[in-house]
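What follows is the content of final_34.txt (compact mmCIF, C-alpha atoms).
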# COMPACT_ATOMS: atom_id res chain seq x y z
CA MET H 1 80.49 240.90 44.43
CA GLN H 2 79.00 238.93 41.54
CA GLU H 3 78.43 242.24 39.74
CA LEU H 4 82.20 242.58 39.33
CA PHE H 5 82.39 239.32 37.42
CA THR H 6 79.35 239.81 35.20
CA GLY H 7 81.50 240.60 32.17
CA ILE H 8 83.76 237.60 32.68
CA LEU H 9 80.84 235.25 33.31
CA HIS H 10 79.14 236.27 30.09
CA PHE H 11 82.24 236.40 27.92
CA GLU H 12 81.79 234.04 24.95
CA LEU H 13 83.83 232.81 22.02
CA GLY H 14 81.94 235.16 19.67
CA HIS H 15 83.15 238.15 21.69
CA PHE H 16 86.71 236.90 21.49
CA ILE H 17 86.46 236.44 17.70
CA MET H 18 85.09 239.97 17.38
CA PHE H 19 88.01 241.29 19.45
CA LEU H 20 90.31 239.57 16.96
CA ILE H 21 88.42 241.08 14.01
CA GLY H 22 88.50 244.54 15.62
CA GLY H 23 92.19 244.06 16.35
CA THR H 24 92.84 243.01 12.75
CA LEU H 25 91.13 246.16 11.45
CA ILE H 26 93.25 248.27 13.80
CA TYR H 27 96.36 246.38 12.67
CA LEU H 28 95.52 246.96 8.98
CA ALA H 29 94.94 250.64 9.71
CA VAL H 30 98.12 251.17 11.73
CA ALA H 31 100.64 248.76 10.23
CA LYS H 32 99.45 248.61 6.63
CA LYS H 33 97.88 252.08 6.49
CA TYR H 34 94.74 250.66 4.83
CA GLU H 35 92.12 253.45 5.08
CA PRO H 36 93.26 254.17 8.67
CA THR H 37 90.82 257.04 9.22
CA LEU H 38 87.90 254.63 8.97
CA LEU H 39 89.25 251.17 9.73
CA LEU H 40 90.77 252.18 13.06
CA PRO H 41 87.58 253.70 14.53
CA ILE H 42 85.56 250.78 13.10
CA GLY H 43 87.96 248.28 14.67
CA PHE H 44 87.85 249.98 18.05
CA GLY H 45 84.07 250.39 17.84
CA ALA H 46 83.83 246.63 17.26
CA ILE H 47 85.81 245.99 20.45
CA LEU H 48 83.63 248.39 22.45
CA ALA H 49 80.49 246.72 21.14
CA ASN H 50 81.59 243.22 22.10
CA ILE H 51 82.46 243.76 25.72
CA PRO H 52 79.62 241.97 27.54
CA PHE H 53 77.10 244.47 28.93
CA SER H 54 79.07 247.29 27.32
CA GLY H 55 77.97 250.61 28.75
CA ALA H 56 78.60 252.18 25.34
CA LEU H 57 75.58 250.36 23.95
CA GLY H 58 72.02 249.98 25.16
CA GLU H 59 69.30 252.58 25.52
CA HIS H 60 71.52 255.22 27.11
CA GLY H 61 74.83 254.07 25.64
CA VAL H 62 76.78 256.77 23.86
CA LEU H 63 77.29 254.68 20.72
CA THR H 64 73.59 253.86 20.49
CA ILE H 65 72.81 257.57 20.84
CA LEU H 66 75.33 258.33 18.08
CA TYR H 67 73.85 255.59 15.89
CA ASN H 68 70.32 256.91 16.30
CA ALA H 69 71.40 260.49 15.74
CA GLY H 70 73.89 260.04 12.93
CA ILE H 71 73.42 256.77 11.08
CA ALA H 72 69.71 256.00 11.40
CA THR H 73 69.01 259.57 10.29
CA GLU H 74 71.70 259.39 7.51
CA LEU H 75 73.19 262.57 8.96
CA PHE H 76 76.83 261.40 9.18
CA PRO H 77 77.15 260.12 5.59
CA ALA H 78 75.38 263.26 4.36
CA LEU H 79 77.85 265.50 6.22
CA ILE H 80 80.74 263.45 4.86
CA PHE H 81 79.50 264.28 1.35
CA ILE H 82 79.95 268.00 2.04
CA ALA H 83 83.52 267.29 3.14
CA ILE H 84 84.26 265.12 0.11
CA GLY H 85 82.76 267.71 -2.22
CA ALA H 86 85.06 270.32 -0.73
CA MET H 87 88.03 267.99 -1.34
CA ILE H 88 87.25 267.12 -4.98
CA ASP H 89 88.85 269.18 -7.70
CA PHE H 90 86.69 268.67 -10.80
CA THR H 91 89.14 270.60 -13.02
CA PRO H 92 90.69 267.50 -14.68
CA LEU H 93 87.18 266.33 -15.56
CA LEU H 94 86.12 269.74 -16.86
CA GLN H 95 89.25 269.76 -19.03
CA ASN H 96 88.35 266.38 -20.42
CA PRO H 97 84.59 265.80 -19.95
CA PHE H 98 84.63 262.81 -22.30
CA MET H 99 86.02 260.83 -19.36
CA LEU H 100 82.59 261.04 -17.75
CA PHE H 101 81.62 258.00 -19.82
CA PHE H 102 84.25 255.90 -18.08
CA GLY H 103 82.80 257.00 -14.76
CA ALA H 104 79.54 255.44 -15.92
CA ALA H 105 80.95 252.22 -17.39
CA ALA H 106 82.94 251.39 -14.28
CA GLN H 107 79.74 251.18 -12.25
CA PHE H 108 78.95 247.90 -14.02
CA GLY H 109 80.14 245.91 -10.99
CA ILE H 110 77.42 247.43 -8.81
CA PHE H 111 74.62 246.08 -10.97
CA PHE H 112 76.32 242.77 -11.73
CA THR H 113 76.84 242.13 -8.01
CA MET H 114 73.30 243.20 -7.25
CA MET H 115 72.06 240.53 -9.66
CA MET H 116 74.35 237.97 -8.03
CA ALA H 117 72.93 238.86 -4.62
CA VAL H 118 69.39 238.43 -5.95
CA PHE H 119 70.37 235.00 -7.28
CA LEU H 120 71.71 234.13 -3.83
CA GLY H 121 68.29 234.87 -2.34
CA TYR H 122 68.68 238.39 -0.97
CA ASP H 123 65.71 240.69 -1.46
CA LEU H 124 66.04 243.62 -3.83
CA LYS H 125 66.87 246.21 -1.17
CA GLU H 126 69.54 244.04 0.42
CA ALA H 127 70.93 243.11 -3.00
CA ALA H 128 71.18 246.78 -3.97
CA SER H 129 72.97 247.55 -0.71
CA ILE H 130 75.46 244.75 -1.36
CA GLY H 131 75.95 245.80 -4.99
CA ILE H 132 76.68 249.38 -4.00
CA ILE H 133 79.95 248.19 -2.41
CA GLY H 134 81.10 248.32 -6.03
CA ALA H 135 80.65 252.09 -5.96
CA ALA H 136 84.08 252.01 -4.27
CA ASP H 137 82.69 254.89 -2.29
CA GLY H 138 82.29 254.36 1.46
CA PRO H 139 79.76 257.10 2.26
CA THR H 140 77.50 256.11 -0.67
CA SER H 141 77.60 252.47 0.46
CA ILE H 142 76.75 253.50 4.02
CA TYR H 143 73.98 255.81 2.86
CA VAL H 144 72.29 253.20 0.66
CA ALA H 145 72.75 250.40 3.22
CA THR H 146 71.29 252.55 6.00
CA LEU H 147 68.16 253.19 3.96
CA PHE H 148 67.76 249.73 2.47
CA ALA H 149 69.35 247.13 4.75
CA ASP H 150 70.66 248.46 8.03
CA ARG H 151 71.12 244.91 9.35
CA LEU H 152 73.91 244.53 6.75
CA LEU H 153 75.44 247.95 7.40
CA ALA H 154 78.51 246.73 9.30
CA PRO H 155 79.76 244.08 6.82
CA ILE H 156 78.96 246.37 3.87
CA SER H 157 80.96 249.25 5.38
CA VAL H 158 83.89 247.03 6.28
CA ALA H 159 83.89 245.46 2.79
CA ALA H 160 83.66 248.86 1.06
CA TYR H 161 86.54 250.42 2.96
CA SER H 162 88.70 247.29 2.95
CA TYR H 163 88.47 246.80 -0.81
CA MET H 164 88.97 250.51 -1.49
CA SER H 165 92.31 250.24 0.21
CA LEU H 166 93.07 247.06 -1.75
CA VAL H 167 92.60 248.68 -5.18
CA PRO H 168 96.35 248.43 -5.94
CA ILE H 169 96.09 244.66 -5.44
CA ILE H 170 92.68 244.03 -7.04
CA GLN H 171 92.91 246.09 -10.23
CA PRO H 172 96.24 245.18 -11.90
CA PRO H 173 95.53 241.46 -12.48
CA VAL H 174 92.06 242.22 -13.87
CA ILE H 175 93.50 244.86 -16.21
CA ARG H 176 96.31 242.56 -17.38
CA LEU H 177 93.83 239.77 -18.00
CA LEU H 178 91.64 241.93 -20.21
CA THR H 179 94.23 243.91 -22.16
CA SER H 180 97.10 243.06 -24.45
CA ARG H 181 100.56 244.55 -23.96
CA ARG H 182 100.05 246.60 -27.11
CA GLU H 183 96.86 248.10 -25.67
CA ARG H 184 98.54 248.91 -22.38
CA ARG H 185 101.21 250.82 -24.28
CA ILE H 186 98.77 253.11 -26.09
CA HIS H 187 99.73 256.75 -25.64
CA MET H 188 97.00 259.33 -25.24
CA GLU H 189 97.14 262.95 -26.23
CA TYR H 190 96.40 265.31 -23.37
CA LYS H 191 94.90 268.75 -23.96
CA GLN H 192 95.55 271.11 -21.10
CA VAL H 193 92.61 273.48 -21.33
CA GLU H 194 92.17 276.47 -19.08
CA VAL H 195 88.77 276.08 -17.36
CA PRO H 196 87.04 279.42 -16.68
CA VAL H 197 86.22 279.98 -13.00
CA ILE H 198 82.56 280.54 -13.85
CA VAL H 199 82.35 276.96 -15.22
CA LYS H 200 83.83 275.59 -11.99
CA ILE H 201 81.19 277.51 -10.03
CA LEU H 202 78.28 276.63 -12.30
CA PHE H 203 79.21 272.95 -12.56
CA PRO H 204 78.09 271.89 -9.05
CA ILE H 205 74.89 273.92 -9.32
CA VAL H 206 73.90 272.60 -12.76
CA ILE H 207 74.80 268.99 -11.91
CA THR H 208 72.71 269.15 -8.72
CA ILE H 209 69.71 270.47 -10.62
CA ILE H 210 69.97 267.83 -13.37
CA ALA H 211 70.53 264.92 -10.98
CA GLY H 212 67.86 266.23 -8.62
CA ILE H 213 65.25 266.50 -11.34
CA ILE H 214 66.02 263.00 -12.67
CA ALA H 215 66.18 261.31 -9.26
CA PRO H 216 64.96 263.64 -6.49
CA ILE H 217 65.94 261.12 -3.82
CA SER H 218 69.59 261.52 -4.88
CA VAL H 219 69.63 265.18 -3.82
CA ALA H 220 70.85 264.31 -0.34
CA LEU H 221 73.83 262.53 -1.91
CA ILE H 222 74.78 264.61 -4.91
CA GLY H 223 73.37 267.90 -3.61
CA LEU H 224 75.52 267.91 -0.49
CA LEU H 225 78.58 266.72 -2.43
CA MET H 226 78.10 269.58 -4.87
CA PHE H 227 77.41 272.03 -2.06
CA GLY H 228 80.81 271.16 -0.64
CA ASN H 229 82.34 271.61 -4.08
CA LEU H 230 80.65 274.98 -4.52
CA ILE H 231 82.12 276.13 -1.20
CA ARG H 232 85.52 275.10 -2.56
CA GLU H 233 85.22 276.69 -5.97
CA CYS H 234 83.34 279.91 -5.25
CA GLY H 235 86.54 281.59 -4.09
CA VAL H 236 84.95 283.58 -1.27
CA LEU H 237 84.54 280.85 1.34
CA GLU H 238 88.12 279.78 1.85
CA ARG H 239 87.61 279.36 5.59
CA LEU H 240 84.50 277.19 5.18
CA SER H 241 86.16 275.19 2.45
CA LYS H 242 89.13 274.40 4.68
CA ALA H 243 86.82 273.65 7.62
CA SER H 244 84.84 271.22 5.46
CA GLN H 245 87.98 269.52 4.18
CA ASN H 246 89.56 269.24 7.62
CA GLU H 247 87.49 269.75 10.77
CA LEU H 248 84.15 268.55 9.37
CA ALA H 249 85.70 265.58 7.55
CA ASN H 250 87.79 264.55 10.55
CA LEU H 251 85.07 264.93 13.14
CA VAL H 252 82.37 263.13 11.18
CA THR H 253 84.81 260.39 10.13
CA ILE H 254 85.62 259.64 13.77
CA LEU H 255 81.94 259.50 14.73
CA LEU H 256 80.94 257.57 11.62
CA GLY H 257 83.70 254.98 12.03
CA ILE H 258 83.21 254.25 15.71
CA THR H 259 79.42 254.15 15.32
CA ILE H 260 79.61 251.67 12.45
CA GLY H 261 82.06 249.61 14.49
CA SER H 262 79.52 249.55 17.30
CA THR H 263 77.07 247.71 15.05
CA MET H 264 79.58 244.86 14.69
CA THR H 265 78.26 242.80 17.57
CA ALA H 266 79.08 239.08 17.48
CA GLU H 267 75.40 238.20 16.99
CA GLN H 268 75.12 240.55 14.01
CA PHE H 269 78.53 240.06 12.41
CA LEU H 270 79.47 236.40 12.86
CA ARG H 271 77.10 235.10 10.22
CA THR H 272 77.43 233.56 6.80
CA ASP H 273 76.00 236.82 5.43
CA THR H 274 79.21 238.61 6.35
CA LEU H 275 81.38 236.15 4.41
CA ILE H 276 79.04 236.31 1.41
CA ILE H 277 79.06 240.11 1.48
CA MET H 278 82.87 240.23 1.72
CA GLY H 279 83.06 237.86 -1.26
CA MET H 280 80.55 239.80 -3.31
CA GLY H 281 82.28 243.08 -2.51
CA LEU H 282 85.38 241.70 -4.16
CA VAL H 283 83.33 240.58 -7.16
CA ALA H 284 81.88 244.09 -7.41
CA PHE H 285 85.35 245.69 -7.53
CA ILE H 286 86.56 243.16 -10.12
CA PHE H 287 83.57 243.73 -12.40
CA ASP H 288 83.77 247.51 -12.01
CA THR H 289 87.33 247.34 -13.28
CA ALA H 290 86.34 244.94 -16.05
CA GLY H 291 83.38 247.13 -17.04
CA GLY H 292 85.59 250.18 -17.46
CA VAL H 293 88.27 248.33 -19.43
CA VAL H 294 85.82 246.55 -21.74
CA PHE H 295 83.95 249.81 -22.38
CA ALA H 296 87.21 251.51 -23.39
CA LYS H 297 88.03 248.60 -25.71
CA LEU H 298 84.59 248.88 -27.30
CA LEU H 299 85.07 252.62 -27.80
CA ASN H 300 88.39 251.95 -29.50
CA ILE H 301 86.56 250.12 -32.29
CA PHE H 302 84.98 253.45 -33.26
CA LEU H 303 87.56 256.02 -32.17
CA LYS H 304 90.28 257.35 -34.45
CA ASN H 305 92.48 258.42 -31.53
CA LYS H 306 92.60 255.25 -29.46
CA VAL H 307 92.06 255.30 -25.73
CA ASN H 308 94.34 253.31 -23.46
CA PRO H 309 91.81 250.78 -22.11
CA MET H 310 93.43 250.89 -18.68
CA VAL H 311 92.00 254.40 -18.24
CA GLY H 312 88.55 252.78 -18.19
CA ALA H 313 89.49 250.97 -15.00
CA ALA H 314 90.15 254.33 -13.34
CA GLY H 315 86.43 255.08 -13.67
CA ILE H 316 85.83 253.69 -10.19
CA SER H 317 85.45 256.07 -7.30
CA ALA H 318 88.56 255.13 -5.31
CA PHE H 319 90.41 258.42 -5.76
CA PRO H 320 93.29 258.95 -6.42
CA MET H 321 94.45 255.40 -5.81
CA SER H 322 93.00 253.94 -8.98
CA ALA H 323 94.50 256.66 -11.22
CA ARG H 324 97.91 256.09 -9.64
CA VAL H 325 97.68 252.34 -10.17
CA ILE H 326 96.86 252.85 -13.87
CA GLN H 327 99.78 255.24 -14.36
CA GLN H 328 102.06 252.78 -12.58
CA ILE H 329 101.09 249.93 -14.93
CA ALA H 330 101.42 252.22 -17.97
CA LYS H 331 104.91 253.17 -16.85
CA GLN H 332 105.89 249.55 -16.29
CA GLU H 333 104.87 248.74 -19.87
CA ASP H 334 106.44 251.83 -21.43
CA HIS H 335 108.35 254.28 -19.30
CA THR H 336 107.53 257.14 -21.69
CA ASN H 337 103.78 256.61 -21.41
CA TYR H 338 102.11 259.26 -19.28
CA ILE H 339 98.35 258.79 -18.83
CA LEU H 340 98.01 260.05 -15.27
CA MET H 341 95.92 263.11 -16.14
CA GLN H 342 93.45 261.09 -18.21
CA SER H 343 93.25 258.52 -15.42
CA ILE H 344 92.62 261.24 -12.87
CA SER H 345 89.81 262.65 -15.06
CA ALA H 346 88.23 259.18 -15.26
CA ASN H 347 88.72 258.71 -11.53
CA VAL H 348 86.94 261.99 -10.73
CA ALA H 349 84.18 260.95 -13.14
CA GLY H 350 83.95 257.71 -11.14
CA GLN H 351 83.30 259.70 -7.97
CA LEU H 352 80.38 261.34 -9.73
CA GLY H 353 79.26 258.07 -11.36
CA SER H 354 79.17 256.17 -8.07
CA ILE H 355 76.96 258.77 -6.42
CA VAL H 356 74.65 258.87 -9.44
CA ALA H 357 74.46 255.07 -9.32
CA GLY H 358 73.61 255.23 -5.61
CA GLY H 359 70.94 257.84 -6.25
CA LEU H 360 69.42 255.83 -9.08
CA LEU H 361 69.29 252.69 -6.95
CA LEU H 362 67.53 254.65 -4.22
CA ALA H 363 64.99 255.79 -6.79
CA LEU H 364 64.59 252.57 -8.79
CA VAL H 365 64.45 249.85 -6.12
CA PRO H 366 61.35 251.13 -4.26
CA ALA H 367 59.66 251.65 -7.64
CA PHE H 368 60.02 247.92 -8.39
CA LEU H 369 58.82 246.71 -4.99
CA MET J 1 64.76 230.68 -6.68
CA ASP J 2 62.33 233.59 -6.82
CA ILE J 3 61.87 234.26 -10.55
CA GLU J 4 59.87 237.42 -9.92
CA MET J 5 62.64 238.87 -7.77
CA ILE J 6 65.25 237.93 -10.38
CA SER J 7 63.21 239.62 -13.07
CA LYS J 8 62.87 242.78 -10.94
CA GLY J 9 66.58 242.69 -10.14
CA PHE J 10 67.40 242.41 -13.81
CA GLN J 11 65.17 245.36 -14.67
CA VAL J 12 66.70 247.51 -11.92
CA SER J 13 70.17 246.57 -13.19
CA VAL J 14 69.37 247.43 -16.80
CA TYR J 15 67.59 250.70 -15.94
CA GLY J 16 70.25 251.53 -13.37
CA LEU J 17 73.27 251.03 -15.60
CA SER J 18 71.69 252.72 -18.60
CA GLY J 19 70.46 255.45 -16.26
CA VAL J 20 73.98 256.12 -14.99
CA LEU J 21 75.23 256.25 -18.56
CA ALA J 22 72.40 258.58 -19.62
CA VAL J 23 72.83 260.92 -16.66
CA LEU J 24 76.59 261.12 -17.14
CA ALA J 25 76.07 261.68 -20.87
CA LEU J 26 73.82 264.58 -19.92
CA PHE J 27 76.51 265.89 -17.58
CA TYR J 28 78.95 265.58 -20.50
CA LEU J 29 76.74 267.64 -22.81
CA VAL J 30 76.08 270.32 -20.21
CA THR J 31 79.75 270.53 -19.27
CA LYS J 32 80.81 270.76 -22.91
CA ILE J 33 78.28 273.52 -23.54
CA MET J 34 79.39 275.46 -20.45
CA VAL J 35 83.07 275.13 -21.34
CA VAL J 36 82.46 276.21 -24.94
CA ILE J 37 80.28 279.20 -23.98
CA PHE J 38 82.46 280.52 -21.18
CA SER J 39 85.80 279.74 -22.81
CA GLY J 40 84.57 281.82 -25.73
CA LEU J 41 83.86 284.70 -23.38
CA SER J 42 87.25 284.46 -21.68
CA PRO J 43 89.73 282.81 -24.03
CA GLY J 44 92.22 280.63 -22.17
CA ASP J 45 95.44 278.90 -23.02
CA LYS J 46 95.36 275.67 -24.96
CA LYS J 47 98.39 273.52 -24.63
CA THR J 48 98.78 270.07 -26.06
CA GLN J 49 100.93 267.48 -24.37
CA LYS J 50 101.83 264.03 -25.52

I need this file expressed as C-alpha cells, please.
Amino acid sequence: MQELFTGILHFELGHFIMFLIGGTLIYLAVAKKYEPTLLLPIGFGAILANIPFSGALGEHGVLTILYNAGIATELFPALIFIAIGAMIDFTPLLQNPFMLFFGAAAQFGIFFTMMMAVFLGYDLKEAASIGIIGAADGPTSIYVATLFADRLLAPISVAAYSYMSLVPIIQPPVIRLLTSRRERRIHMEYKQVEVPVIVKILFPIVITIIAGIIAPISVALIGLLMFGNLIRECGVLERLSKASQNELANLVTILLGITIGSTMTAEQFLRTDTLIIMGMGLVAFIFDTAGGVVFAKLLNIFLKNKVNPMVGAAGISAFPMSARVIQQIAKQEDHTNYILMQSISANVAGQLGSIVAGGLLLALVPAFL
Amino acid sequence: MDIEMISKGFQVSVYGLSGVLAVLALFYLVTKIMVVIFSGLSPGDKKTQK
C-alpha cells in the first residue's frame, strides 16, 4: 500500500518549483508563442523529470535513453543542423557578401560574456558554454554545452531559446542607446543581383572545406549545416530538402526539447548557477547587438556610402526576427526607409558567424587548457 | 580570482573574435570570387533599388 504513496511522500518544494517553471515555459510557448517548438517540450520534460521516482528517468527511463543516445552523443543538435541548413536561403548573403562582416562583429557578446563568466569563477569550458548563449543559436549552444559543460546544459538551453524569442524586446533599446536619430534614418542602396545557381551549389561545399581546414572540430557543426543547404540548393533533391525542413526538423526538435527538459531536475536546476547563466545570457545578447552596431559605426568613418548602423545589430543569428526588428525601427524613424534586405543579409551572415564562433571555441578552448 | 584562467580566457576571446572575423572575411573573398567568375559566365540582371 505504501508503494502507492511513494511519490506523495517524497514530493518536495523543489519539485513544486520545477513544476511552476515547466508550467511557465509551457505558458510562454502557448500563450505568448515564444519559441513554442522548443519551450513547450522543454517545459513538459521538466515536469516529467521532477515527478518523484519518475519512470521516465533512471537507468531504463525513456528520457535517459534519449539523453544518452541523442544529447551525450551530440546526435540531436547535429541532425538539427541539417534541418536548419535546408531551411536557410543564403541568396541575400550571396547578393551582398559584404554583410558577412556584420555576422562576425555581432558575435562580440559571446566572447565578452565568456570573459565575464571567467571573472565570476567559472572554468574556461563552462565560461565558453555560457558565452555561446550569445550565438543566439540554440543548437550551437546545446552542442558546445554538451561537449564542454553538460551540467549547465539545461539553463544554457533555456536561456538561449528564451532570449532568442525576446529579441524584439532586447534589441531596440540597445540600438536606440547607441545610435542617433540621424543614423537610424540612413538609407542604404540595395543591389538586386542575380546569383548563378552554380554559386549557390558551390557555396556550402567551399565554406565547409574552408571552415573544416581552419577548425576541423567545427565540421560537425558547419559541415552538417552546409550539407542541409546543399540538399536545398542542388535542385535534384526536392523530396529530401522538404523532409529535412519538415519531418527531420520536427522530429528531432521534439526529442531534443523533451530530453533537455528532462535534465531540469530540481537538484540540477534550482541553483545560483541558473540565475547567473540567465543573467549572463541577457548580457551576451545585449553585447552582440552593441558589437554589431558599433562595428557599423566604425565602418561608417571609412565608407563613402554610409551603412545604417542598425543593420549591424541584425548580425546575430536569430533569424528572421532580428532583421524584422531592424526594419521596424527604420520604418518608425522614416517610413520611406527600407533596409529589410540588407538586414536579412546580415542576419543570414549571423547564422554563419555564430556557428563559426562555436567551432572556433571548440577548437581554441582545449588548446588553452 | 584565478589570474591564469583570466589570462587564458582573454586570449581565447581575442583569438576567437579575430578568428571569426578572419574566417568570415575569407568567406567574403571566396564568395566574391565565385560570384564574379560565375556571373561572368552567365550574365544576370542587375537592378538597383533605393

Go through chain H residue by residue and, counting only C-alpha atoms, keep those with an atom at most 6 Å from chain J; for each kept residue give the shortest atom pair and its distance in Å to one decimal, ordered by chain and increasing number, as a tab-separated table.
residue	atom	partner	partner_atom	distance
H:Pro97	CA	J:Tyr28	CA	5.7
H:Ala104	CA	J:Leu21	CA	5.1
H:Phe111	CA	J:Ser13	CA	5.0
H:Met115	CA	J:Gly9	CA	5.9
H:Glu189	CA	J:Lys50	CA	4.9
H:Tyr190	CA	J:Gln49	CA	5.1
H:Lys191	CA	J:Thr48	CA	4.6
H:Gln192	CA	J:Lys47	CA	5.1
H:Val193	CA	J:Lys46	CA	5.1
H:Glu194	CA	J:Gly44	CA	5.2
H:Ala357	CA	J:Val20	CA	5.8

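Going from CA of Met18 (chain H) to CA of Val118 (chain H) covers 28.2 Å.
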
- Item | Two-atom distance - CA of Phe53 (chain H), CA of Glu12 (chain H) (Å) | 12.1 Å

- Note on the structure: Computed gap from CA of Ile301 (chain H) to CA of His187 (chain H) is 16.2 Å

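Nearest residue to Ile217 (chain H), choosing from H:Gly23, H:Leu360, H:Ile65, H:Ala367 and counting all atoms listed in the file: H:Leu360.
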
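The shortest atom-to-atom distance to Val144 (chain H), with all atoms listed in the file taken into account, belongs to H:Ala128 out of H:Ala296, H:Ala69, H:Ile198, H:Ala128.
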
- Message: Can you pull out the residues contacting Ile329 (chain H)? Cut-off 10 Å, using all atoms listed in the file, and skip same-chain residues under 3 positions away; I want them as a PyMOL selection string.
- Response: chain H and resi 172+175-176+184-185+310+324-326+332-335+337

- Item | 9 Å contact set for Thr146 (chain H), all atoms listed in the file, chain neighbours under 5 positions out, as a PyMOL selection string | chain H and resi 71-74+129+141+151-153

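Nearest-residue note for Met226 (chain H): choosing from H:Met341, H:Ala86, H:Ala266, H:Ala154, the minimum distance belongs to H:Ala86, counting only C-alpha atoms.
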
- Message: Counting only C-alpha atoms, which residue out of H:Ile258, H:Leu100, H:Val206, H:Val311 sits closest to Leu340 (chain H)?
- Response: H:Val311

Reconstructed region 331-350 of chain H, atom set N, CA and C atoms, as a compact mmCIF listing (two decimals), keeping the file's coordinate frame:
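What ended up in selection_1.txt:
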# COMPACT_ATOMS: atom_id res chain seq x y z
N LYS H 331 103.47 252.89 -16.91
CA LYS H 331 104.91 253.17 -16.85
C LYS H 331 105.73 251.88 -16.90
N GLN H 332 105.19 250.84 -16.27
CA GLN H 332 105.89 249.55 -16.29
C GLN H 332 105.98 249.01 -17.73
N GLU H 333 104.92 249.25 -18.50
CA GLU H 333 104.87 248.74 -19.87
C GLU H 333 105.71 249.59 -20.82
N ASP H 334 105.71 250.90 -20.56
CA ASP H 334 106.44 251.83 -21.43
C ASP H 334 106.75 253.06 -20.59
N HIS H 335 108.02 253.23 -20.26
CA HIS H 335 108.35 254.28 -19.30
C HIS H 335 108.11 255.69 -19.83
N THR H 336 107.81 255.80 -21.15
CA THR H 336 107.53 257.14 -21.69
C THR H 336 106.02 257.42 -21.73
N ASN H 337 105.23 256.44 -21.32
CA ASN H 337 103.78 256.61 -21.41
C ASN H 337 103.25 257.33 -20.16
N TYR H 338 102.61 258.45 -20.38
CA TYR H 338 102.11 259.26 -19.28
C TYR H 338 100.60 259.47 -19.45
N ILE H 339 99.82 258.68 -18.70
CA ILE H 339 98.35 258.79 -18.83
C ILE H 339 97.71 259.14 -17.48
N LEU H 340 98.52 259.74 -16.61
CA LEU H 340 98.01 260.05 -15.27
C LEU H 340 96.84 261.04 -15.32
N MET H 341 96.97 262.09 -16.13
CA MET H 341 95.92 263.11 -16.14
C MET H 341 94.59 262.54 -16.65
N GLN H 342 94.68 261.71 -17.69
CA GLN H 342 93.45 261.09 -18.21
C GLN H 342 92.85 260.16 -17.15
N SER H 343 93.73 259.43 -16.46
CA SER H 343 93.25 258.52 -15.42
C SER H 343 92.59 259.29 -14.29
N ILE H 344 93.20 260.43 -13.94
CA ILE H 344 92.62 261.24 -12.87
C ILE H 344 91.23 261.76 -13.29
N SER H 345 91.12 262.18 -14.56
CA SER H 345 89.81 262.65 -15.06
C SER H 345 88.78 261.53 -14.92
N ALA H 346 89.16 260.32 -15.35
CA ALA H 346 88.23 259.18 -15.26
C ALA H 346 87.90 258.88 -13.81
N ASN H 347 88.90 258.99 -12.95
CA ASN H 347 88.72 258.71 -11.53
C ASN H 347 87.74 259.70 -10.89
N VAL H 348 87.87 260.98 -11.24
CA VAL H 348 86.94 261.99 -10.73
C VAL H 348 85.53 261.71 -11.27
N ALA H 349 85.48 261.30 -12.54
CA ALA H 349 84.18 260.95 -13.14
C ALA H 349 83.58 259.77 -12.36
N GLY H 350 84.43 258.86 -11.92
CA GLY H 350 83.95 257.71 -11.14
C GLY H 350 83.32 258.16 -9.83
